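For reference, the structure discussed in these notes is given below.
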Amino acid sequence: MKSYFALAGIAALAFSAASFAAPAHAKTYKEVTFGVDATYPPFESKAPDGSFVGFDIDLGKAICAHMHAKCVFVSQGFDGIIPALKARKFDAILSSMTKTPDREKQIDFSAKMYDEPTSLIAKKGSGLKPTVASLKGKTVGVEAGTIQETYAKTYWQPEGIKVVSYQGQDQVYADLLSGRLDASLQDSVEADYGFLRTPKGADYSLAGNITSDPKDVLGSYIAIGIRKDEPDLKKQIDASIAAIIKNGTYKKIESKYFNFNVYGS
Amino acid sequence: MISIIQQFGQAYLYSDGYQMTGVAMTLWLLLLSVAIGFCLAIPLAIARNARSPFINIPVWIYTFLFRGTPLYVQLLIIYTGIYSLDAIQHTPALNAFFRQGFNCTILAFALNTAAYTTEIFAGAIKSTPFGEIEAARALGMSRVTLYRRIILPSALRRALPTYSNEVILMLHATTLAFTATVPDILKVARDANSATYDSFDAFGLAALLYLIISFVLIGIFRRAERHYLAFLRP
């Protein structure tokens with residue numbers, strides 16, 4: 001009788017250790033729930049049948065497969081996604097979230113998932129490059145309020161490149177087409193899907209990605225957001241991201257959505 | 001609030017370091033468009049009252065078109081629409097003019113306010129007391145002298161209260177200027193908003209600036225009315 005209680009006590013102790021304290025061995029996850037704001041194709045959106053689709057979703061599924069866990073996606077608006085994570089409505093945020101110092105005060109971030117490089121587009125054969133020397137005296141259009149506007153105004157405007165801000169990205173393209181602008185600066189996926197792949201963009205091409213950003217106005221990469229009290233999950237997700245990049249799964253998913261290297265350098 | 005003023009104060013008032021912005025740009029837009037509109041409106045108002053339909057119908061069509069469509073649409077047509085036409089791009093003078101967003105904005109604003117001002121002045125001309133015209137004719141004045149000495153001075157004075165309204169409305173309409181990339185007060189407010197997310201302060205500051213400009217304009221017109229409309233006072 002006595003030994004029975006002792007056994008139960010040890011079992012209870014072991015159980016509580018496993019669930020509350022940091023265990024010595026890695027915890028295994030049977031199921032990982034991701035919070036997703038499914039309004040941002042091609043990264044995450046909902047198919048007509050209600051299922052989640054997109055680049056992030058495919059990456060999430062590959063990560064779950066590597067962890068031998070079941071993937072569950074939960075819809076959540078972007079503005080409330082960090083509070084919802086902290087309230088344990090899901091285990092991680094998978095929603096094209098850029099790692100910023102402000103967000104890092106609230107949550108942890110996984111290793112880099114991808115990067116949406118900022119890129120310059122210009123007329124085919126113009127020979128323009130996203131550098132001060134190449135753009136001197138030229139006119140570059142940006143959308144007001146974007147990190148690209150900040151970038152152009154920080155590095156380019158003082159060097160004699162004319163930077164013109166627009167109310168919307170569509171107006172930037174309209175003036176690129178009409179010839180008021182020599183080039184436009186925006187994130188590469190926007191440029192690719194919003195302009196270059198459309199019939200109007202046929203005469204235009206990617207003039208290059210921004211590589212130098214010493215003042216870090218463009219922020220860092222996009223990653224999965226994880227609660228600060230789950231270093232284990234972060235460790236496993238990081239390992240899975242590294243693994244799918246190494247075994248070629250990442251490349252396969254990438255080529256399904258993009259015609260360029262979305263991981264960046 | 002203080003950080004917005006420190007960071008964007010200069011841009012709100014006159015310059016972002018590269019070009020004219022904020023209050024200076026808004027006032028410059030207002031002054032140019034109202035001045036051009038005024039000069040266009042006087043001959044058009046006279047033509048609007050002409051007896052010959054070949055003169056008054058084209059003016060009526062013009063005022064109908066510009067008063068019957070939103071200024072925003074007119075600005076988009078002039079800025080984006082016209083410049084996308086090959087004929088404009090291949091005429092060097094027109095190309096140079098329409099290439100600049102500022103020129104397009106002034107053109108749209110001036111044509112728009114001219115249409116409204118034409119109707120205001122035409123109404124005032126029409127309501128000139130007939131006795132005054134009869135008296136002038138009795139004195140043997142020619143048509144030109146009649147307009148110059150009697151009808152226009154009296155009509156412009158009587159139109160002053162309505163015209164001041166049009167100028168204030170034009171001030172409010174300048175907020176559309178950023179559609180054609182012209183950085184007016186509202187554009188600076190948007191910049192401040194997207195940089196700080198202090199929406200209330202960023203736009204509140206813009207509202208305050210518009211209020212101050214309106215207040216000054218109202219003061220100027222009140223003085224002008226007191227001076228020019230003295231003959232109507234009881």
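If you're wondering about the labels, chains in the structure tokens are A, B, ... by order shown, residues count from 1 in each chain, ligands from 1 in order shown.
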### Task
Give me the residues within 8 Å of Ile151 in chain B as a VMD selection string, counting only C-alpha atoms and dropping any in the same chain fewer than 6 places off.
chain B and resid 125 128 133
Name all residues at most 12 Å from Cys64 in chain A (count only C-alpha atoms; drop same-chain ones fewer than 3 positions away) and give them as a short mmCIF file (atom, residue, chain, number, x, y, z; two decimals) with C-alpha atoms, in the first residue's frame.
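What ended up in result_3.cif:
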data_model
loop_
_atom_site.label_atom_id
_atom_site.label_comp_id
_atom_site.auth_asym_id
_atom_site.auth_seq_id
_atom_site.Cartn_x
_atom_site.Cartn_y
_atom_site.Cartn_z
CA THR A 28 8.03 15.99 -28.38
CA TYR A 29 5.05 17.78 -29.93
CA LYS A 30 2.17 15.70 -31.22
CA GLU A 31 0.47 18.74 -32.65
CA VAL A 32 1.60 22.27 -33.52
CA THR A 33 -1.02 24.99 -33.89
CA PHE A 34 -0.15 28.00 -36.05
CA ILE A 57 1.46 27.16 -45.15
CA ASP A 58 3.56 24.76 -47.25
CA LEU A 59 6.65 25.64 -45.24
CA GLY A 60 4.67 25.12 -42.01
CA LYS A 61 3.54 21.68 -43.19
CA MET A 67 8.92 17.29 -36.33
CA HIS A 68 6.56 14.30 -36.83
CA ALA A 69 3.73 16.47 -35.54
CA LYS A 70 0.26 17.24 -36.83
CA CYS A 71 -0.15 20.74 -38.28
CA VAL A 72 -3.20 22.80 -37.34
CA PHE A 73 -3.86 26.28 -38.72
CA ALA A 92 3.26 29.88 -32.99
CA LEU A 233 9.56 24.62 -29.59
CA GLN A 236 12.76 22.22 -32.81
CA ILE A 237 11.35 24.66 -35.35
CA ASP A 238 14.82 26.11 -35.95
CA ALA A 239 16.20 22.60 -36.48
CA SER A 240 13.36 21.77 -38.89
CA ILE A 241 13.88 24.95 -40.92
CA ALA A 243 16.72 20.55 -42.22
CA ILE A 244 14.19 21.41 -44.94
#
### Summary
The distance between CA of Ser110 in chain A and CA of Ala152 in chain A is 29.2 Å
Hey, which bits of chain B sit within 8 Å of chain A, and for each residue what's the closest pair of atoms and how far apart in Å (one decimal), counting only C-alpha atoms, rows by chain and increasing number, as JSON lines?
{"residue": "B:Thr80", "atom": "CA", "partner": "A:Ala174", "partner_atom": "CA", "distance": 7.4}
{"residue": "B:Tyr83", "atom": "CA", "partner": "A:Ser178", "partner_atom": "CA", "distance": 6.8}
{"residue": "B:Ser84", "atom": "CA", "partner": "A:Ser178", "partner_atom": "CA", "distance": 5.4}
{"residue": "B:Arg99", "atom": "CA", "partner": "A:Arg180", "partner_atom": "CA", "distance": 6.1}
{"residue": "B:Phe178", "atom": "CA", "partner": "A:Gln167", "partner_atom": "CA", "distance": 7.1}
{"residue": "B:Thr179", "atom": "CA", "partner": "A:Gln167", "partner_atom": "CA", "distance": 6.4}
{"residue": "B:Ala180", "atom": "CA", "partner": "A:Tyr166", "partner_atom": "CA", "distance": 7.8}
{"residue": "B:Thr181", "atom": "CA", "partner": "A:Tyr166", "partner_atom": "CA", "distance": 5.7}
{"residue": "B:Arg190", "atom": "CA", "partner": "A:Gly145", "partner_atom": "CA", "distance": 7.6}
{"residue": "B:Asp191", "atom": "CA", "partner": "A:Gly145", "partner_atom": "CA", "distance": 6.3}
{"residue": "B:Ser194", "atom": "CA", "partner": "A:Gly145", "partner_atom": "CA", "distance": 5.4}
{"residue": "B:Ala195", "atom": "CA", "partner": "A:Gly145", "partner_atom": "CA", "distance": 7.4}
### Query
So how many Å separate CA of Ile78 in chain B and CA of Asn193 in chain B, to one decimal?
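For CA of Ile78 in chain B relative to CA of Asn193 in chain B, the distance reads 28.5 Å.
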### Summary
Of B:Ala115, B:Leu217, B:Ile42, B:Leu146, the one sitting nearest Thr69 in chain B when using only C-alpha atoms is B:Ala115
### Message
Please return, as JSON, numbers by chain, all residues of range 69-112 of chain A that DSSP assigns to alpha helix (DSSP H) on the basis of the backbone.
### Response
{"A": [81, 82, 83, 84, 85, 86, 101, 102, 103, 104]}
Would you output that residue set with all heavy atoms, as a tab-separated table (two decimals), in the first residue's frame?
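The result, stored in selection_14.tsv:
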chain	number	residue	atom	x	y	z
A	81	ILE	N	-2.56	39.32	-33.44
A	81	ILE	CA	-1.96	37.98	-33.50
A	81	ILE	C	-0.95	37.75	-32.37
A	81	ILE	O	-0.85	36.63	-31.85
A	81	ILE	CB	-1.37	37.75	-34.92
A	81	ILE	CG1	-1.40	36.27	-35.29
A	81	ILE	CG2	0.03	38.33	-35.04
A	81	ILE	CD1	-1.22	36.00	-36.77
A	82	ILE	N	-0.24	38.80	-31.94
A	82	ILE	CA	0.74	38.62	-30.85
A	82	ILE	C	0.02	38.42	-29.51
A	82	ILE	O	0.34	37.49	-28.77
A	82	ILE	CB	1.76	39.78	-30.83
A	82	ILE	CG1	2.68	39.65	-32.05
A	82	ILE	CG2	2.57	39.78	-29.54
A	82	ILE	CD1	3.75	40.73	-32.15
A	83	PRO	N	-0.99	39.26	-29.19
A	83	PRO	CA	-1.74	38.99	-27.95
A	83	PRO	C	-2.37	37.59	-27.93
A	83	PRO	O	-2.38	36.95	-26.89
A	83	PRO	CB	-2.84	40.07	-27.97
A	83	PRO	CG	-2.29	41.17	-28.81
A	83	PRO	CD	-1.38	40.53	-29.80
A	84	ALA	N	-2.86	37.13	-29.10
A	84	ALA	CA	-3.50	35.80	-29.15
A	84	ALA	C	-2.47	34.70	-28.89
A	84	ALA	O	-2.76	33.71	-28.22
A	84	ALA	CB	-4.16	35.60	-30.52
A	85	LEU	N	-1.24	34.89	-29.40
A	85	LEU	CA	-0.18	33.91	-29.14
A	85	LEU	C	0.12	33.87	-27.64
A	85	LEU	O	0.24	32.79	-27.05
A	85	LEU	CB	1.08	34.28	-29.93
A	85	LEU	CG	2.32	33.43	-29.63
A	85	LEU	CD1	2.16	32.03	-30.22
A	85	LEU	CD2	3.59	34.06	-30.16
A	86	LYS	N	0.21	35.06	-27.04
A	86	LYS	CA	0.52	35.10	-25.62
A	86	LYS	C	-0.61	34.54	-24.77
A	86	LYS	O	-0.37	34.04	-23.68
A	86	LYS	CB	0.84	36.56	-25.21
A	86	LYS	CG	2.13	37.05	-25.84
A	86	LYS	CD	2.40	38.49	-25.53
A	86	LYS	CE	3.23	38.62	-24.26
A	86	LYS	NZ	3.53	40.05	-24.02
A	101	PRO	N	12.71	44.80	-33.63
A	101	PRO	CA	13.07	44.95	-32.22
A	101	PRO	C	11.84	45.12	-31.33
A	101	PRO	O	11.80	44.59	-30.22
A	101	PRO	CB	13.93	46.22	-32.22
A	101	PRO	CG	14.48	46.32	-33.59
A	101	PRO	CD	13.44	45.74	-34.49
A	102	ASP	N	10.82	45.84	-31.81
A	102	ASP	CA	9.62	46.04	-31.01
A	102	ASP	C	8.90	44.72	-30.71
A	102	ASP	O	8.46	44.47	-29.60
A	102	ASP	CB	8.64	46.98	-31.73
A	102	ASP	CG	8.93	48.43	-31.40
A	102	ASP	OD1	9.71	48.66	-30.45
A	102	ASP	OD2	8.39	49.31	-32.08
A	103	ARG	N	8.76	43.90	-31.76
A	103	ARG	CA	8.08	42.62	-31.58
A	103	ARG	C	8.92	41.69	-30.71
A	103	ARG	O	8.38	40.87	-29.96
A	103	ARG	CB	7.82	41.97	-32.94
A	103	ARG	CG	6.71	42.66	-33.70
A	103	ARG	CD	6.57	42.09	-35.08
A	103	ARG	NE	5.56	42.81	-35.84
A	103	ARG	CZ	5.59	42.95	-37.15
A	103	ARG	NH1	6.57	42.40	-37.85
A	103	ARG	NH2	4.66	43.63	-37.77
A	104	GLU	N	10.23	41.80	-30.83
A	104	GLU	CA	11.10	40.92	-30.04
A	104	GLU	C	10.98	41.17	-28.54
A	104	GLU	O	11.36	40.32	-27.75
A	104	GLU	CB	12.55	41.10	-30.48
A	104	GLU	CG	12.90	40.25	-31.67
A	104	GLU	CD	14.39	40.25	-31.94
A	104	GLU	OE1	14.88	41.30	-32.39
A	104	GLU	OE2	15.04	39.23	-31.70
### Query
Residues at most 9 Å from range 191-200 of chain A, counting only C-alpha atoms, excluding those fewer than 3 positions away in the same chain, as an MDAnalysis selection string?
chainID A and resid 42 119:121 169:170 173 177 185:188 203:206 258:259
Deliver the residues from the most recent selection as a file, using all heavy atoms, as a tab-separated table (two decimals), in the first residue's frame.
chain	number	residue	atom	x	y	z
A	42	PRO	N	0.89	35.71	-52.09
A	42	PRO	CA	0.94	34.23	-52.17
A	42	PRO	C	1.45	33.57	-50.90
A	42	PRO	O	1.74	32.38	-50.92
A	42	PRO	CB	1.93	34.04	-53.31
A	42	PRO	CG	2.89	35.17	-53.15
A	42	PRO	CD	2.07	36.33	-52.67
A	119	SER	N	13.30	45.60	-53.95
A	119	SER	CA	13.98	45.63	-55.24
A	119	SER	C	13.52	46.78	-56.11
A	119	SER	O	12.44	47.33	-55.95
A	119	SER	CB	13.79	44.30	-55.96
A	119	SER	OG	12.44	44.00	-56.05
A	120	LEU	N	14.40	47.12	-57.01
A	120	LEU	CA	14.19	48.22	-57.93
A	120	LEU	C	13.71	47.63	-59.24
A	120	LEU	O	14.28	46.65	-59.73
A	120	LEU	CB	15.51	48.96	-58.14
A	120	LEU	CG	15.45	50.29	-58.89
A	120	LEU	CD1	14.98	51.38	-57.95
A	120	LEU	CD2	16.81	50.64	-59.45
A	121	ILE	N	12.64	48.22	-59.84
A	121	ILE	CA	12.30	47.79	-61.19
A	121	ILE	C	12.39	48.98	-62.13
A	121	ILE	O	12.18	50.12	-61.75
A	121	ILE	CB	10.92	47.08	-61.29
A	121	ILE	CG1	9.80	47.96	-60.78
A	121	ILE	CG2	10.94	45.77	-60.56
A	121	ILE	CD1	8.44	47.31	-60.96
A	169	GLN	N	0.62	52.04	-54.42
A	169	GLN	CA	1.58	51.38	-55.29
A	169	GLN	C	1.09	51.39	-56.75
A	169	GLN	O	1.89	51.46	-57.67
A	169	GLN	CB	1.80	49.95	-54.79
A	169	GLN	CG	2.93	49.22	-55.45
A	169	GLN	CD	4.29	49.87	-55.21
A	169	GLN	OE1	4.55	50.40	-54.14
A	169	GLN	NE2	5.14	49.85	-56.21
A	170	ASP	N	-0.23	51.33	-56.95
A	170	ASP	CA	-0.77	51.34	-58.32
A	170	ASP	C	-0.40	52.63	-59.04
A	170	ASP	O	-0.12	52.63	-60.25
A	170	ASP	CB	-2.29	51.13	-58.32
A	170	ASP	CG	-3.00	52.07	-57.36
A	170	ASP	OD1	-2.34	52.59	-56.44
A	170	ASP	OD2	-4.20	52.27	-57.53
A	173	TYR	N	3.18	52.47	-60.31
A	173	TYR	CA	3.30	51.75	-61.57
A	173	TYR	C	2.76	52.57	-62.74
A	173	TYR	O	3.32	52.56	-63.83
A	173	TYR	CB	2.57	50.39	-61.50
A	173	TYR	CG	3.18	49.45	-60.50
A	173	TYR	CD1	2.40	48.66	-59.67
A	173	TYR	CD2	4.57	49.34	-60.38
A	173	TYR	CE1	2.96	47.80	-58.75
A	173	TYR	CE2	5.14	48.48	-59.46
A	173	TYR	CZ	4.33	47.72	-58.65
A	173	TYR	OH	4.88	46.87	-57.74
A	177	LEU	N	4.90	53.56	-66.01
A	177	LEU	CA	4.46	53.30	-67.38
A	177	LEU	C	4.42	54.57	-68.21
A	177	LEU	O	4.78	54.57	-69.38
A	177	LEU	CB	3.07	52.65	-67.37
A	177	LEU	CG	3.00	51.19	-66.96
A	177	LEU	CD1	1.57	50.79	-66.67
A	177	LEU	CD2	3.58	50.31	-68.05
A	185	LEU	N	10.74	51.56	-56.41
A	185	LEU	CA	11.32	50.73	-55.35
A	185	LEU	C	10.19	50.16	-54.50
A	185	LEU	O	9.37	50.90	-53.98
A	185	LEU	CB	12.24	51.60	-54.49
A	185	LEU	CG	13.15	50.86	-53.51
A	185	LEU	CD1	14.22	50.09	-54.25
A	185	LEU	CD2	13.79	51.84	-52.53
A	186	GLN	N	10.13	48.82	-54.36
A	186	GLN	CA	9.11	48.17	-53.56
A	186	GLN	C	9.60	46.78	-53.22
A	186	GLN	O	10.65	46.38	-53.67
A	186	GLN	CB	7.77	48.08	-54.31
A	186	GLN	CG	7.85	47.33	-55.63
A	186	GLN	CD	8.46	48.17	-56.71
A	186	GLN	OE1	7.95	49.22	-57.04
A	186	GLN	NE2	9.59	47.75	-57.26
A	187	ASP	N	8.80	46.03	-52.42
A	187	ASP	CA	9.32	44.70	-52.12
A	187	ASP	C	9.15	43.80	-53.33
A	187	ASP	O	8.29	44.00	-54.18
A	187	ASP	CB	8.82	44.14	-50.78
A	187	ASP	CG	7.40	43.69	-50.77
A	187	ASP	OD1	7.04	42.95	-51.69
A	187	ASP	OD2	6.67	44.06	-49.84
A	188	SER	N	10.03	42.83	-53.42
A	188	SER	CA	10.19	42.11	-54.68
A	188	SER	C	8.96	41.28	-55.04
A	188	SER	O	8.64	41.12	-56.21
A	188	SER	CB	11.41	41.22	-54.60
A	188	SER	OG	11.33	40.45	-53.43
A	203	ASP	N	7.42	45.19	-70.51
A	203	ASP	CA	8.65	45.89	-70.92
A	203	ASP	C	9.56	46.22	-69.75
A	203	ASP	O	10.55	46.92	-69.90
A	203	ASP	CB	8.28	47.21	-71.62
A	203	ASP	CG	7.66	46.96	-72.98
A	203	ASP	OD1	7.85	45.85	-73.49
A	203	ASP	OD2	6.99	47.86	-73.50
A	204	TYR	N	9.21	45.76	-68.56
A	204	TYR	CA	9.98	46.14	-67.38
A	204	TYR	C	10.60	44.91	-66.74
A	204	TYR	O	10.14	43.79	-66.96
A	204	TYR	CB	9.07	46.86	-66.37
A	204	TYR	CG	8.58	48.17	-66.92
A	204	TYR	CD1	7.50	48.23	-67.80
A	204	TYR	CD2	9.24	49.35	-66.63
A	204	TYR	CE1	7.09	49.42	-68.35
A	204	TYR	CE2	8.83	50.55	-67.18
A	204	TYR	CZ	7.75	50.58	-68.04
A	204	TYR	OH	7.36	51.77	-68.58
A	205	SER	N	11.64	45.12	-65.99
A	205	SER	CA	12.27	43.97	-65.35
A	205	SER	C	12.89	44.38	-64.03
A	205	SER	O	13.03	45.58	-63.73
A	205	SER	CB	13.33	43.37	-66.25
A	205	SER	OG	14.37	44.32	-66.42
A	206	LEU	N	13.25	43.38	-63.25
A	206	LEU	CA	13.91	43.59	-61.97
A	206	LEU	C	15.29	44.17	-62.23
A	206	LEU	O	16.11	43.58	-62.93
A	206	LEU	CB	14.03	42.22	-61.30
A	206	LEU	CG	14.10	42.21	-59.79
A	206	LEU	CD1	12.75	42.61	-59.21
A	206	LEU	CD2	14.46	40.81	-59.31
A	258	PHE	N	7.72	31.17	-56.42
A	258	PHE	CA	8.53	32.32	-56.85
A	258	PHE	C	9.54	31.94	-57.91
A	258	PHE	O	9.97	30.79	-57.98
A	258	PHE	CB	9.28	32.92	-55.64
A	258	PHE	CG	8.37	33.23	-54.50
A	258	PHE	CD1	8.40	32.47	-53.34
A	258	PHE	CD2	7.45	34.26	-54.58
A	258	PHE	CE1	7.56	32.74	-52.28
A	258	PHE	CE2	6.60	34.55	-53.53
A	258	PHE	CZ	6.66	33.79	-52.39
A	259	ASN	N	9.90	32.96	-58.71
A	259	ASN	CA	10.92	32.71	-59.73
A	259	ASN	C	12.25	33.31	-59.31
A	259	ASN	O	13.09	33.63	-60.13
A	259	ASN	CB	10.47	33.26	-61.08
A	259	ASN	CG	10.17	34.74	-61.02
A	259	ASN	OD1	10.37	35.35	-59.96
A	259	ASN	ND2	9.71	35.31	-62.11
### Summary
note - CA of Ala111 in chain A and CA of Val36 in chain A are separated by 18.0 Å
## Note on the structure
Judged by only C-alpha atoms, the minimum distance to Pro43 in chain B among B:Ser164, B:Thr118, B:Gln74, B:Thr21 is found for B:Thr118
### Task
Skip Ser3 in chain B itself and residues of its chain fewer than 5 positions away, then list as a list of chain:residue names all residues within 10 Å of it, counting only C-alpha atoms.
B:Phe8, B:Gly9, B:Ala192, B:Thr196
### Query
Which residues come within 12 Å of range 92-94 of chain B, counting only C-alpha atoms, excluding same-chain residues fewer than 6 positions away, as a PyMOL selection string?
chain B and resi 82-86+100+103-104
Residues of the last selection are to be written out with C-alpha atoms, as a compact mmCIF listing (two decimals), in the first residue's frame.
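Everything below was put into selection-v4.txt:
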# COMPACT_ATOMS: atom_id res chain seq x y z
CA ILE B 82 -3.78 63.12 -70.08
CA TYR B 83 -0.11 62.30 -69.59
CA SER B 84 -0.65 58.73 -70.74
CA LEU B 85 -1.76 59.98 -74.20
CA ASP B 86 0.88 59.66 -76.93
CA GLN B 100 5.38 67.91 -63.39
CA ASN B 103 1.58 71.89 -62.99
CA CYS B 104 -1.17 69.29 -63.35
### Message
I need the residues in range 52-117 of chain A that are strand (DSSP E or B) according to DSSP; give them as a list of chain:residue names.
### Response
A:Phe52, A:Val53, A:Lys70, A:Cys71, A:Val72, A:Phe73, A:Val74, A:Ser75, A:Ala92, A:Ile93, A:Leu94, A:Ser95, A:Ser96, A:Met97, A:Thr98, A:Asp108, A:Phe109, A:Tyr114
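Minimum atom-to-atom distance to Gln7 in chain B, evaluated using only C-alpha atoms, belongs to B:Val188 out of B:Val23, B:Leu232, B:Val188, B:Met170.
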